[in-house]
file run-v3.txt (compact mmCIF, C-alpha atoms)
# COMPACT_ATOMS: atom_id res chain seq x y z
CA MET F 209 -5.89 -20.77 -15.17
CA ALA F 210 -4.93 -19.83 -11.60
CA ARG F 211 -7.66 -20.05 -8.99
CA ARG F 212 -9.10 -16.68 -8.01
CA PRO F 213 -8.62 -15.71 -4.36
CA ALA F 214 -11.78 -16.44 -2.38
CA VAL F 215 -12.97 -13.55 -0.19
CA THR F 216 -16.09 -13.66 1.96
CA VAL F 217 -17.47 -10.49 3.52
CA LEU F 218 -19.77 -10.62 6.54
CA GLY F 219 -21.14 -7.13 6.99
CA SER F 220 -23.66 -4.45 6.13
CA LEU F 221 -25.59 -3.36 3.06
CA ASN F 222 -27.14 0.10 2.68
CA THR F 223 -28.74 2.29 0.11
CA ASP F 224 -26.82 5.58 0.00
CA ILE F 225 -28.60 8.87 -0.61
CA SER F 226 -25.92 11.42 -1.48
CA LEU F 227 -26.33 15.20 -1.50
CA PRO F 228 -23.67 17.57 -2.89
CA VAL F 229 -23.57 20.62 -0.62
CA PRO F 230 -21.56 23.87 -0.65
CA HIS F 231 -20.36 23.06 2.87
CA LEU F 232 -21.15 20.47 5.51
CA PRO F 233 -23.94 21.68 7.78
CA GLY F 234 -23.19 22.56 11.38
CA PRO F 235 -25.50 21.84 14.32
CA GLY F 236 -28.94 23.29 13.65
CA GLU F 237 -27.97 24.50 10.18
CA THR F 238 -29.93 23.82 6.99
CA VAL F 239 -27.88 23.69 3.80
CA LEU F 240 -29.41 23.55 0.33
CA ALA F 241 -27.96 20.86 -1.94
CA ALA F 242 -26.04 22.10 -4.95
CA ALA F 243 -27.64 19.47 -7.19
CA ALA F 244 -30.15 16.65 -7.12
CA ALA F 245 -29.78 13.74 -4.72
CA THR F 246 -28.32 10.52 -6.07
CA PHE F 247 -29.19 7.02 -4.92
CA GLY F 248 -26.58 4.27 -4.89
CA ALA F 249 -25.61 1.01 -3.27
CA GLY F 250 -23.38 1.13 -0.21
CA GLY F 251 -22.78 -0.24 3.26
CA LYS F 252 -19.31 -1.17 4.44
CA GLY F 253 -19.76 -4.87 3.84
CA ALA F 254 -21.24 -4.57 0.38
CA ASN F 255 -18.64 -1.99 -0.62
CA GLN F 256 -15.82 -4.26 0.51
CA ALA F 257 -17.28 -7.21 -1.38
CA VAL F 258 -17.58 -5.16 -4.58
CA ALA F 259 -14.04 -3.85 -4.13
CA ALA F 260 -12.72 -7.39 -3.77
CA ALA F 261 -14.66 -8.66 -6.78
CA ARG F 262 -13.49 -5.83 -9.05
CA LEU F 263 -9.88 -6.49 -8.05
CA GLY F 264 -10.02 -10.15 -8.98
CA ALA F 265 -11.52 -12.10 -6.08
CA ALA F 266 -14.24 -14.71 -6.13
CA ALA F 267 -16.31 -12.77 -3.60
CA ARG F 268 -19.28 -13.75 -1.46
CA MET F 269 -21.50 -11.37 0.52
CA VAL F 270 -23.16 -12.44 3.76
CA GLY F 271 -25.57 -10.18 5.61
CA CYS F 272 -29.15 -8.98 5.97
CA CYS F 273 -31.41 -6.65 4.04
CA GLY F 274 -35.08 -5.85 4.18
CA ASP F 275 -37.71 -7.58 2.09
CA ASP F 276 -38.25 -4.31 0.25
CA GLU F 277 -37.39 -2.57 -3.01
CA PHE F 278 -34.09 -1.28 -1.63
CA GLY F 279 -33.10 -4.79 -0.57
CA ALA F 280 -33.98 -6.23 -3.97
CA ARG F 281 -31.85 -3.60 -5.68
CA LEU F 282 -28.93 -4.24 -3.35
CA ARG F 283 -29.06 -7.97 -4.09
CA ALA F 284 -29.33 -7.39 -7.84
CA GLY F 285 -26.39 -5.00 -7.77
CA LEU F 286 -24.16 -7.54 -6.04
CA GLU F 287 -25.20 -10.26 -8.48
CA ALA F 288 -24.35 -7.95 -11.38
CA GLU F 289 -20.81 -7.71 -9.98
CA GLY F 290 -20.52 -11.50 -9.96
CA ILE F 291 -20.70 -11.69 -6.16
CA GLY F 292 -22.27 -14.72 -4.50
CA VAL F 293 -25.41 -13.78 -2.58
CA THR F 294 -26.67 -17.09 -1.22
CA GLY F 295 -25.67 -15.82 2.23
CA LEU F 296 -27.77 -12.67 1.90
CA ARG F 297 -30.97 -12.95 3.98
CA ALA F 298 -34.04 -10.80 3.30
CA ILE F 299 -36.02 -10.18 6.50
CA PRO F 300 -39.77 -9.56 6.06
CA GLY F 301 -41.22 -6.45 7.66
CA VAL F 302 -37.85 -4.79 8.23
CA ALA F 303 -36.39 -1.90 6.25
CA SER F 304 -33.06 -2.24 4.50
CA GLY F 305 -30.17 -0.15 5.77
CA LEU F 306 -30.07 3.46 4.63
CA ALA F 307 -27.30 6.09 4.70
CA LEU F 308 -27.69 9.83 4.15
CA ILE F 309 -24.44 11.36 2.90
CA THR F 310 -23.54 15.01 2.40
CA VAL F 311 -20.42 15.77 0.35
CA ASP F 312 -18.74 19.18 0.09
CA PRO F 313 -16.77 20.49 -2.93
CA ALA F 314 -13.48 19.24 -1.45
CA GLY F 315 -14.83 15.69 -1.21
CA GLU F 316 -15.20 15.71 2.57
CA ASN F 317 -18.37 14.02 3.77
CA SER F 318 -20.63 13.41 6.73
CA ILE F 319 -22.89 10.39 7.04
CA ALA F 320 -25.89 9.32 9.12
CA VAL F 321 -26.85 5.65 8.95
CA ALA F 322 -30.07 3.80 9.82
CA ALA F 323 -28.93 0.20 10.30
CA GLY F 324 -32.29 -1.41 9.56
CA ALA F 325 -31.93 -5.11 8.77
CA ASN F 326 -28.17 -4.97 9.30
CA GLY F 327 -28.81 -4.91 13.04
CA LEU F 328 -30.55 -8.29 12.86
CA ALA F 329 -27.58 -10.28 11.57
CA GLY F 330 -27.06 -13.31 13.78
CA ASP F 331 -26.13 -16.98 13.99
CA ALA F 332 -27.53 -17.73 10.52
CA GLU F 333 -25.11 -15.25 8.99
CA VAL F 334 -22.15 -16.66 10.91
CA ALA F 335 -22.98 -20.11 9.56
CA ALA F 336 -23.50 -18.80 6.04
CA ALA F 337 -20.06 -17.16 6.04
CA PHE F 338 -18.50 -20.63 6.12
CA ASP F 339 -20.77 -22.29 3.57
CA GLY F 340 -18.35 -21.76 0.68
CA PRO F 341 -14.63 -21.51 -0.13
CA CYS F 342 -12.94 -18.75 1.82
CA ASP F 343 -9.29 -17.72 1.88
CA VAL F 344 -9.96 -14.48 3.77
CA LEU F 345 -13.01 -13.47 5.79
CA VAL F 346 -13.64 -9.73 6.07
CA LEU F 347 -15.63 -8.45 9.05
CA SER F 348 -16.71 -4.87 9.70
CA ALA F 349 -18.45 -3.17 12.59
CA GLU F 350 -21.78 -2.11 11.09
CA ILE F 351 -23.36 -5.36 12.28
CA PRO F 352 -23.78 -6.58 15.89
CA GLY F 353 -20.59 -7.19 17.85
CA PRO F 354 -21.56 -10.70 19.04
CA VAL F 355 -21.83 -11.75 15.39
CA LEU F 356 -18.30 -10.52 14.74
CA GLY F 357 -16.99 -12.37 17.79
CA ALA F 358 -18.69 -15.62 16.82
CA ALA F 359 -17.33 -15.34 13.28
CA LEU F 360 -13.79 -14.72 14.55
CA ARG F 361 -13.93 -17.80 16.78
CA ARG F 362 -15.28 -19.99 14.00
CA ALA F 363 -12.71 -18.69 11.54
CA ARG F 364 -9.89 -19.52 13.93
CA ALA F 365 -11.30 -23.04 14.41
CA HIS F 366 -11.46 -23.51 10.63
CA GLY F 367 -8.07 -21.98 9.88
CA VAL F 368 -9.58 -19.09 7.88
CA ARG F 369 -7.63 -15.83 7.84
CA THR F 370 -9.59 -12.80 9.07
CA VAL F 371 -9.53 -9.05 8.40
CA LEU F 372 -11.42 -7.08 11.06
CA ASN F 373 -12.31 -3.48 10.20
CA LEU F 374 -13.48 -1.80 13.41
CA ALA F 375 -15.10 1.21 11.80
CA PRO F 376 -16.73 2.58 13.79
CA VAL F 377 -15.30 1.21 17.03
CA PRO F 378 -18.20 -0.68 18.66
CA ASP F 379 -19.02 -1.28 22.28
CA GLY F 380 -17.19 -4.41 23.35
CA ALA F 381 -14.27 -3.81 20.98
CA ALA F 382 -11.82 -5.14 23.56
CA GLY F 383 -13.58 -8.48 23.47
CA LEU F 384 -13.25 -8.61 19.70
CA LEU F 385 -9.53 -7.90 19.90
CA ALA F 386 -9.25 -10.71 22.46
CA GLU F 387 -10.40 -13.06 19.68
CA CYS F 388 -7.10 -12.22 17.93
CA PRO F 389 -8.06 -11.39 14.34
CA ASP F 390 -5.25 -12.01 11.88
CA TRP F 391 -5.52 -8.42 10.60
CA LEU F 392 -7.02 -5.36 12.25
CA VAL F 393 -7.64 -2.31 10.05
CA VAL F 394 -8.55 1.03 11.66
CA ASN F 395 -7.99 4.69 11.00
CA ALA F 396 -6.07 6.89 13.40
CA GLN F 397 -9.16 7.96 15.33
CA GLU F 398 -10.25 4.38 15.80
CA ALA F 399 -6.72 3.30 16.75
CA ALA F 400 -6.64 6.00 19.41
CA ALA F 401 -9.99 4.85 20.77
CA LEU F 402 -8.87 1.22 20.87
CA ALA F 403 -5.64 2.17 22.59
CA GLY F 404 -7.59 4.08 25.24
CA ARG F 405 -6.17 7.44 24.23
CA ALA F 406 -8.05 10.70 24.00
CA PRO F 407 -7.58 11.90 20.41
CA GLY F 408 -6.18 15.38 19.84
CA GLY F 409 -7.64 18.01 17.57
CA ALA F 410 -9.86 21.00 17.96
CA PRO F 411 -12.77 20.84 20.40
CA GLY F 412 -15.73 19.17 18.79
CA ASP F 413 -13.64 17.96 15.86
CA ALA F 414 -14.63 14.32 15.79
CA PRO F 415 -12.13 12.69 13.43
CA GLY F 416 -13.96 11.33 10.48
CA GLY F 417 -15.83 14.48 11.01
CA PRO F 418 -18.60 12.84 11.56
CA GLU F 419 -17.34 9.32 10.93
CA THR F 420 -17.15 8.40 7.28
CA GLU F 421 -19.01 5.31 6.19
CA ASP F 422 -15.79 3.60 5.24
CA GLY F 423 -14.25 4.69 8.55
CA ALA F 424 -10.89 5.39 6.98
CA ALA F 425 -11.70 8.38 4.85
CA GLU F 426 -9.17 8.94 2.07
CA ASP F 427 -7.00 5.89 2.73
CA GLY F 428 -3.79 6.00 0.77
CA ALA F 429 -4.73 9.15 -1.13
CA ALA F 430 -3.01 12.52 -1.22
CA GLU F 431 -4.50 15.39 -3.17
CA ASP F 432 -1.69 17.49 -4.61
CA GLY F 433 0.38 16.81 -1.52
CA ALA F 434 -2.21 18.07 0.97
CA ALA F 435 -3.63 16.14 3.90
CA GLU F 436 -7.13 15.95 2.44
CA ASP F 437 -10.41 15.28 4.24
CA GLY F 438 -10.06 12.26 6.52
CA ALA F 439 -6.30 12.61 6.36
CA ALA F 440 -6.46 15.89 8.24
CA GLU F 441 -8.91 14.43 10.70
CA ASP F 442 -6.85 11.28 11.16
CA ALA F 443 -3.87 13.56 11.69
CA ALA F 444 -5.63 15.28 14.56
CA ALA F 445 -6.46 11.96 16.15
CA LEU F 446 -2.83 11.00 16.66
CA ASP F 447 -1.36 14.51 16.65
CA LEU F 448 -0.18 14.04 13.08
CA ALA F 449 0.76 17.02 10.95
CA ALA F 450 -2.11 18.02 8.66
CA GLY F 451 0.18 19.48 6.03
CA ASP F 452 2.29 18.28 3.13
CA HIS F 453 3.87 15.49 5.12
CA VAL F 454 3.67 13.67 8.41
CA ALA F 455 6.29 14.69 10.93
CA GLU F 456 8.72 11.96 11.86
CA GLY F 457 7.81 12.15 15.52
CA ALA F 458 4.09 11.92 14.77
CA ALA F 459 4.62 8.95 12.46
CA ALA F 460 6.57 7.28 15.24
CA ARG F 461 3.65 7.81 17.61
CA ALA F 462 1.29 6.24 15.09
CA GLN F 463 3.65 3.28 14.78
CA ALA F 464 3.80 2.97 18.57
CA VAL F 465 0.01 2.79 18.80
CA ALA F 466 -0.13 0.20 16.01
CA ALA F 467 2.63 -1.84 17.64
CA GLY F 468 0.82 -1.76 20.98
CA LEU F 469 -2.36 -3.04 19.40
CA ALA F 470 -0.49 -5.72 17.47
CA ALA F 471 1.17 -6.95 20.65
CA GLY F 472 -2.21 -8.12 21.88
CA LEU F 473 -3.13 -10.04 18.72
CA ASP F 474 -0.93 -13.12 19.18
CA GLY F 475 1.01 -12.74 15.95
CA GLY F 476 -1.58 -10.69 14.10
CA HIS F 477 -1.06 -7.53 12.07
CA VAL F 478 -2.46 -4.04 12.61
CA VAL F 479 -2.91 -1.40 9.91
CA VAL F 480 -3.57 2.19 10.94
CA THR F 481 -4.64 4.19 7.90
CA LEU F 482 -3.46 7.79 7.77
CA GLY F 483 -5.29 9.21 4.77
CA ALA F 484 -2.93 11.24 2.63
CA ALA F 485 0.07 9.92 4.55
CA GLY F 486 -0.64 6.29 3.65
CA ALA F 487 -0.67 3.79 6.50
CA VAL F 488 1.31 2.25 9.31
CA LEU F 489 1.73 -1.52 9.49
CA ALA F 490 2.66 -3.36 12.68
CA GLY F 491 3.12 -7.07 13.17
CA PRO F 492 5.54 -9.81 14.18
CA SER F 493 8.29 -8.34 11.97
CA GLY F 494 8.02 -4.88 13.52
CA THR F 495 6.47 -1.66 12.27
CA VAL F 496 6.77 0.16 8.98
CA ALA F 497 5.30 3.31 7.44
CA VAL F 498 3.71 2.70 4.03
CA PRO F 499 3.47 5.89 1.92
CA GLY F 500 0.30 6.99 0.17
CA PHE F 501 -0.32 7.99 -3.44
CA ARG F 502 -0.88 11.47 -4.84
CA VAL F 503 -4.25 11.83 -6.53
CA SER F 504 -6.84 14.55 -7.18
CA ALA F 505 -9.53 13.48 -4.72
CA VAL F 506 -13.17 14.35 -5.34
CA ASP F 507 -15.07 12.06 -2.93
CA THR F 508 -13.68 9.89 -0.16
CA VAL F 509 -16.80 8.00 0.85
CA GLY F 510 -15.71 4.60 -0.54
CA ALA F 511 -11.95 4.89 -0.20
CA GLY F 512 -11.61 3.06 3.10
CA ASP F 513 -13.75 0.16 1.91
CA ALA F 514 -11.67 -0.03 -1.26
CA PHE F 515 -8.61 -0.28 0.99
CA VAL F 516 -10.08 -3.13 3.04
CA GLY F 517 -11.43 -5.07 0.07
CA ALA F 518 -8.14 -4.70 -1.78
CA LEU F 519 -6.16 -5.81 1.25
CA ALA F 520 -8.24 -8.98 1.50
CA VAL F 521 -7.62 -9.81 -2.17
CA VAL F 522 -3.86 -9.42 -2.08
CA LEU F 523 -3.55 -11.26 1.23
CA ALA F 524 -5.55 -14.14 -0.23
CA SER F 525 -3.23 -14.02 -3.25
CA GLY F 526 -0.16 -14.48 -1.06
CA LEU F 527 1.40 -11.01 -1.03
CA ALA F 528 3.70 -10.18 1.86
CA PRO F 529 2.25 -7.81 4.48
CA ALA F 530 4.00 -4.57 3.47
CA ALA F 531 3.37 -5.17 -0.24
CA ALA F 532 -0.27 -5.94 0.52
CA VAL F 533 -0.72 -2.65 2.38
CA THR F 534 0.91 -0.73 -0.49
CA ALA F 535 -1.57 -2.29 -2.92
CA ALA F 536 -4.45 -1.43 -0.60
CA CYS F 537 -3.26 2.19 -0.38
CA ALA F 538 -3.28 2.39 -4.18
CA ALA F 539 -6.83 1.06 -4.38
CA GLY F 540 -8.03 3.49 -1.70
CA ALA F 541 -6.39 6.40 -3.48
CA ALA F 542 -7.94 5.44 -6.81
CA ALA F 543 -11.40 5.26 -5.23
CA ALA F 544 -11.03 8.82 -3.93
CA THR F 545 -10.75 10.15 -7.51
CA ARG F 546 -14.36 9.23 -8.33
CA ARG F 547 -17.73 10.08 -6.83
CA GLY F 548 -19.94 7.68 -4.92
CA ALA F 549 -19.34 4.59 -2.83
CA GLN F 550 -19.58 1.45 -4.96
CA ALA F 551 -19.51 3.50 -8.15
CA ALA F 552 -16.01 4.69 -7.22
CA LEU F 553 -14.51 1.31 -6.38
CA PRO F 554 -11.70 0.68 -8.89
CA ARG F 555 -10.66 -2.14 -11.16
CA PRO F 556 -6.96 -2.86 -11.79
CA ALA F 557 -6.79 -0.61 -14.86
CA GLU F 558 -8.32 2.25 -12.88
CA VAL F 559 -5.85 1.79 -10.04
CA LEU F 560 -3.04 2.03 -12.59
CA ALA F 561 -4.51 5.10 -14.28
CA ALA F 562 -5.04 6.97 -11.00
CA THR F 563 -1.85 6.05 -9.14
CA GLY F 564 0.63 4.46 -11.54
CA PHE F 565 0.52 1.29 -9.43
CA SER F 566 0.25 -1.99 -11.35
CA TRP F 567 -2.20 -4.29 -9.61
CA PRO F 568 -0.49 -7.62 -8.74
CA GLY F 569 -1.58 -10.76 -10.56
call {"tool": "encode", "arguments": {"input": "run-v3.txt", "output": "structure tokens"}}
result
Amino acid sequence: MARRPAVTVLGSLNTDISLPVPHLPGPGETVLAAAAATFGAGGKGANQAVAAARLGAAARMVGCCGDDEFGARLRAGLEAEGIGVTGLRAIPGVASGLALITVDPAGENSIAVAAGANGLAGDAEVAAAFDGPCDVLVLSAEIPGPVLGAALRRARAHGVRTVLNLAPVPDGAAGLLAECPDWLVVNAQEAAALAGRAPGGAPGDAPGGPETEDGAAEDGAAEDGAAEDGAAEDAAALDLAAGDHVAEGAAARAQAVAAGLAAGLDGGHVVVTLGAAGAVLAGPSGTVAVPGFRVSAVDTVGAGDAFVGALAVVLASGLAPAAAVTAACAAGAAAATRRGAQAALPRPAEVLAATGFSWPG
């Protein structure tokens, strides 16, 4: 039997409280939920670990939670997915991370996050990330930046491939890029911020609208050919067309931004996710546009984390860069067809059913 790809995720864990609403509330507006609130497991790191495990990886989760009921449930949920949790530290007297999510009928969402114990990740977590087998180390920006930097340096010293998901873009992001991650994954808004550009779009239209928890909204997914949810917002960020397709000139601009970021990574790759339009990949072999998949999207909250977790799995399995991004787009699209964060993360059969894409291996 072939060895399963080993993926370690160093990142955040949250409990998600989701509210279905008729429309996302504006400043000062109260909106009554259309149904009861639902509680679920989330957090970028935990979502990415679950995504990797469901798509065939031997996954480990490293991070912090509170010594509370939420933390105990988060740990139990990861264990139920077969994910290693020896690197998960419960901190007494500190609350576990919590996210409040509102979702409108089109699947667009807004999220407010209380980091809680996630903000206390430190040297112990960096060390724990290297306590077991690891083909790919996934790092995301819902934990302190110095932890990410230390993990990148240690990974490079140990020859471990890294995937850095800067969602949201943290203070000190330039220093993290200077550590030259092997792969950088961002959405168009985040790419624009990293490149020092002022994103386009309507006044007050913060792409991600507020920022989605996964940071890449509906990665790889197109709903009946429309630029849905985060796709439209990502489109604004790089002046992309928020219609049935991405204009050639706009796609070229996205590729130029990705190529510029990749040029500073010393042989690394950059993926800029474009929602319904798929993604742009830049690296030593040049740049390429990777198309998305048409699906009927209902909730995009976990799609970006599905993309990142899937990318880690196929990279650890040896897929070539462009093929790996295509697989990640399929996983992100499949996640957008189901509600919730971790509940929506697909297995290979579900990727096939939603997109027609056969999961490799």
call {"tool": "residues_around", "arguments": {"input": "run-v3.txt", "residues": "Ala243 of chain F", "least_positions_apart": "5", "cutoff": "8 Å", "atoms": "all atoms listed in the file", "output": "MDAnalysis selection string"}}
result
chainID F and resid 227:229
call {"tool": "closest_residue", "arguments": {"input": "run-v3.txt", "among": "F:Cys342, F:Leu527, F:Ile291, F:Cys537", "to": "Ala257 of chain F", "atoms": "all atoms listed in the file"}}
result
F:Ile291
call {"tool": "residues_around", "arguments": {"input": "run-v3.txt", "residues": "Leu469 of chain F", "least_positions_apart": "4", "cutoff": "8 Å", "atoms": "all atoms listed in the file", "output": "ChimeraX atom specification"}}
result
/F:402-403,465,473,478
call {"tool": "closest_residue", "arguments": {"input": "run-v3.txt", "among": "F:Gly564, F:Gly330, F:Gly476, F:Gly548", "to": "Ala386 of chain F", "atoms": "all atoms listed in the file"}}
result
F:Gly476
call {"tool": "residues_around", "arguments": {"input": "run-v3.txt", "residues": "Asn317 of chain F", "least_positions_apart": "4", "cutoff": "7 Å", "atoms": "only C-alpha atoms", "output": "MDAnalysis selection string"}}
result
chainID F and resid 309:312 420 509
call {"tool": "residues_near_point", "arguments": {"input": "run-v3.txt", "point": "(-26.6, -19.0, 6.2)", "cutoff": "8 Å", "atoms": "all atoms listed in the file", "output": "VMD selection string"}}
result
chain F and resid 270 294 to 297 332 to 337 339
call {"tool": "closest_residue", "arguments": {"input": "run-v3.txt", "among": "F:Asn222, F:Gln550, F:Ser304, F:Asn395", "to": "Ile319 of chain F", "atoms": "only C-alpha atoms"}}
result
F:Asn222
call {"tool": "residues_around", "arguments": {"input": "run-v3.txt", "residues": "Gly271 of chain F", "least_positions_apart": "6", "cutoff": "12 Å", "atoms": "all atoms listed in the file", "output": "number ranges by chain"}}
result
F: 216-222, 251-254, 257, 279, 282-283, 292-299, 304-305, 323-337, 346-348, 350-352, 355-356
call {"tool": "closest_residue", "arguments": {"input": "run-v3.txt", "among": "F:Ala261, F:Ala314, F:Leu553, F:Ala539", "to": "Trp567 of chain F", "atoms": "only C-alpha atoms"}}
result
F:Ala539
call {"tool": "atom_distance", "arguments": {"input": "run-v3.txt", "atom1": "atom CA of Leu374 of chain F", "atom2": "atom CA of Phe247 of chain F"}}
result
25.7 Å
call {"tool": "atom_distance", "arguments": {"input": "run-v3.txt", "atom1": "atom CA of Ile225 of chain F", "atom2": "atom CA of Val377 of chain F"}}
result
23.4 Å
call {"tool": "atom_distance", "arguments": {"input": "run-v3.txt", "atom1": "atom CA of Asp507 of chain F", "atom2": "atom CA of Leu308 of chain F"}}
result
14.6 Å
call {"tool": "closest_residue", "arguments": {"input": "run-v3.txt", "among": "F:Phe515, F:Phe501, F:Phe278, F:Phe338", "to": "Val394 of chain F", "atoms": "all atoms listed in the file"}}
result
F:Phe515
call {"tool": "residues_around", "arguments": {"input": "run-v3.txt", "residues": "Gly353 of chain F", "least_positions_apart": "6", "cutoff": "8 Å", "atoms": "only C-alpha atoms", "output": "NGL selection string"}}
result
:F and (378-381 or 384)
call {"tool": "closest_residue", "arguments": {"input": "run-v3.txt", "among": "F:Ala382, F:Ala259, F:Ala244, F:Val302", "to": "Asp276 of chain F", "atoms": "all atoms listed in the file"}}
result
F:Val302
call {"tool": "residues_near_point", "arguments": {"input": "run-v3.txt", "point": "(-5.2, -1.5, -11.0)", "cutoff": "9 Å", "atoms": "all atoms listed in the file", "output": "list in words"}}
result
Leu263, Ala535, Ala538, Ala539, Ala542, Pro554, Arg555, Pro556, Ala557, Glu558, Val559, Leu560, Ala561, Ala562, Thr563, Gly564, Phe565, Ser566, Trp567 and Pro568 of chain F
call {"tool": "decode", "arguments": {"input": "run-v3.txt", "residues": "segment 526-541 of chain F", "atoms": "N, CA, C and O atoms", "output": "mmCIF file, in the first residue's frame"}}
result
data_model
loop_
_atom_site.group_PDB
_atom_site.id
_atom_site.type_symbol
_atom_site.label_atom_id
_atom_site.label_comp_id
_atom_site.auth_asym_id
_atom_site.auth_seq_id
_atom_site.Cartn_x
_atom_site.Cartn_y
_atom_site.Cartn_z
ATOM 1 N N GLY F 526 3.067 14.557 -5.264
ATOM 2 C CA GLY F 526 3.969 14.653 -6.406
ATOM 3 C C GLY F 526 3.367 15.229 -7.670
ATOM 4 O O GLY F 526 4.008 15.180 -8.723
ATOM 5 N N LEU F 527 2.150 15.790 -7.611
ATOM 6 C CA LEU F 527 1.576 16.381 -8.816
ATOM 7 C C LEU F 527 2.366 17.609 -9.246
ATOM 8 O O LEU F 527 2.899 18.345 -8.419
ATOM 9 N N ALA F 528 2.406 17.835 -10.546
ATOM 10 C CA ALA F 528 3.037 19.022 -11.096
ATOM 11 C C ALA F 528 2.233 20.254 -10.700
ATOM 12 O O ALA F 528 1.029 20.166 -10.428
ATOM 13 N N PRO F 529 2.861 21.431 -10.679
ATOM 14 C CA PRO F 529 2.179 22.627 -10.173
ATOM 15 C C PRO F 529 0.831 22.924 -10.805
ATOM 16 O O PRO F 529 -0.161 23.133 -10.093
ATOM 17 N N ALA F 530 0.734 22.980 -12.129
ATOM 18 C CA ALA F 530 -0.540 23.337 -12.759
ATOM 19 C C ALA F 530 -1.618 22.292 -12.471
ATOM 20 O O ALA F 530 -2.781 22.634 -12.213
ATOM 21 N N ALA F 531 -1.254 21.026 -12.506
ATOM 22 C CA ALA F 531 -2.214 19.965 -12.194
ATOM 23 C C ALA F 531 -2.663 20.055 -10.746
ATOM 24 O O ALA F 531 -3.831 19.801 -10.416
ATOM 25 N N ALA F 532 -1.737 20.414 -9.859
ATOM 26 C CA ALA F 532 -2.081 20.547 -8.446
ATOM 27 C C ALA F 532 -3.081 21.668 -8.231
ATOM 28 O O ALA F 532 -4.038 21.531 -7.454
ATOM 29 N N VAL F 533 -2.908 22.791 -8.923
ATOM 30 C CA VAL F 533 -3.837 23.913 -8.771
ATOM 31 C C VAL F 533 -5.207 23.557 -9.347
ATOM 32 O O VAL F 533 -6.241 23.932 -8.793
ATOM 33 N N THR F 534 -5.242 22.815 -10.441
ATOM 34 C CA THR F 534 -6.523 22.363 -10.990
ATOM 35 C C THR F 534 -7.268 21.502 -9.974
ATOM 36 O O THR F 534 -8.479 21.679 -9.754
ATOM 37 N N ALA F 535 -6.568 20.576 -9.344
ATOM 38 C CA ALA F 535 -7.198 19.732 -8.332
ATOM 39 C C ALA F 535 -7.709 20.563 -7.166
ATOM 40 O O ALA F 535 -8.805 20.323 -6.641
ATOM 41 N N ALA F 536 -6.931 21.550 -6.761
ATOM 42 C CA ALA F 536 -7.353 22.415 -5.654
ATOM 43 C C ALA F 536 -8.589 23.218 -6.027
ATOM 44 O O ALA F 536 -9.496 23.421 -5.202
ATOM 45 N N CYS F 537 -8.655 23.698 -7.266
ATOM 46 C CA CYS F 537 -9.851 24.415 -7.729
ATOM 47 C C CYS F 537 -11.082 23.517 -7.653
ATOM 48 O O CYS F 537 -12.167 23.959 -7.260
ATOM 49 N N ALA F 538 -10.929 22.260 -8.021
ATOM 50 C CA ALA F 538 -12.063 21.333 -7.967
ATOM 51 C C ALA F 538 -12.532 21.130 -6.538
ATOM 52 O O ALA F 538 -13.743 21.109 -6.264
ATOM 53 N N ALA F 539 -11.594 20.986 -5.608
ATOM 54 C CA ALA F 539 -11.978 20.805 -4.207
ATOM 55 C C ALA F 539 -12.663 22.045 -3.659
ATOM 56 O O ALA F 539 -13.672 21.952 -2.941
ATOM 57 N N GLY F 540 -12.149 23.234 -3.992
ATOM 58 C CA GLY F 540 -12.788 24.463 -3.544
ATOM 59 C C GLY F 540 -14.188 24.616 -4.098
ATOM 60 O O GLY F 540 -15.114 25.040 -3.395
ATOM 61 N N ALA F 541 -14.362 24.276 -5.363
ATOM 62 C CA ALA F 541 -15.685 24.363 -5.975
ATOM 63 C C ALA F 541 -16.663 23.404 -5.312
ATOM 64 O O ALA F 541 -17.819 23.745 -5.035
#
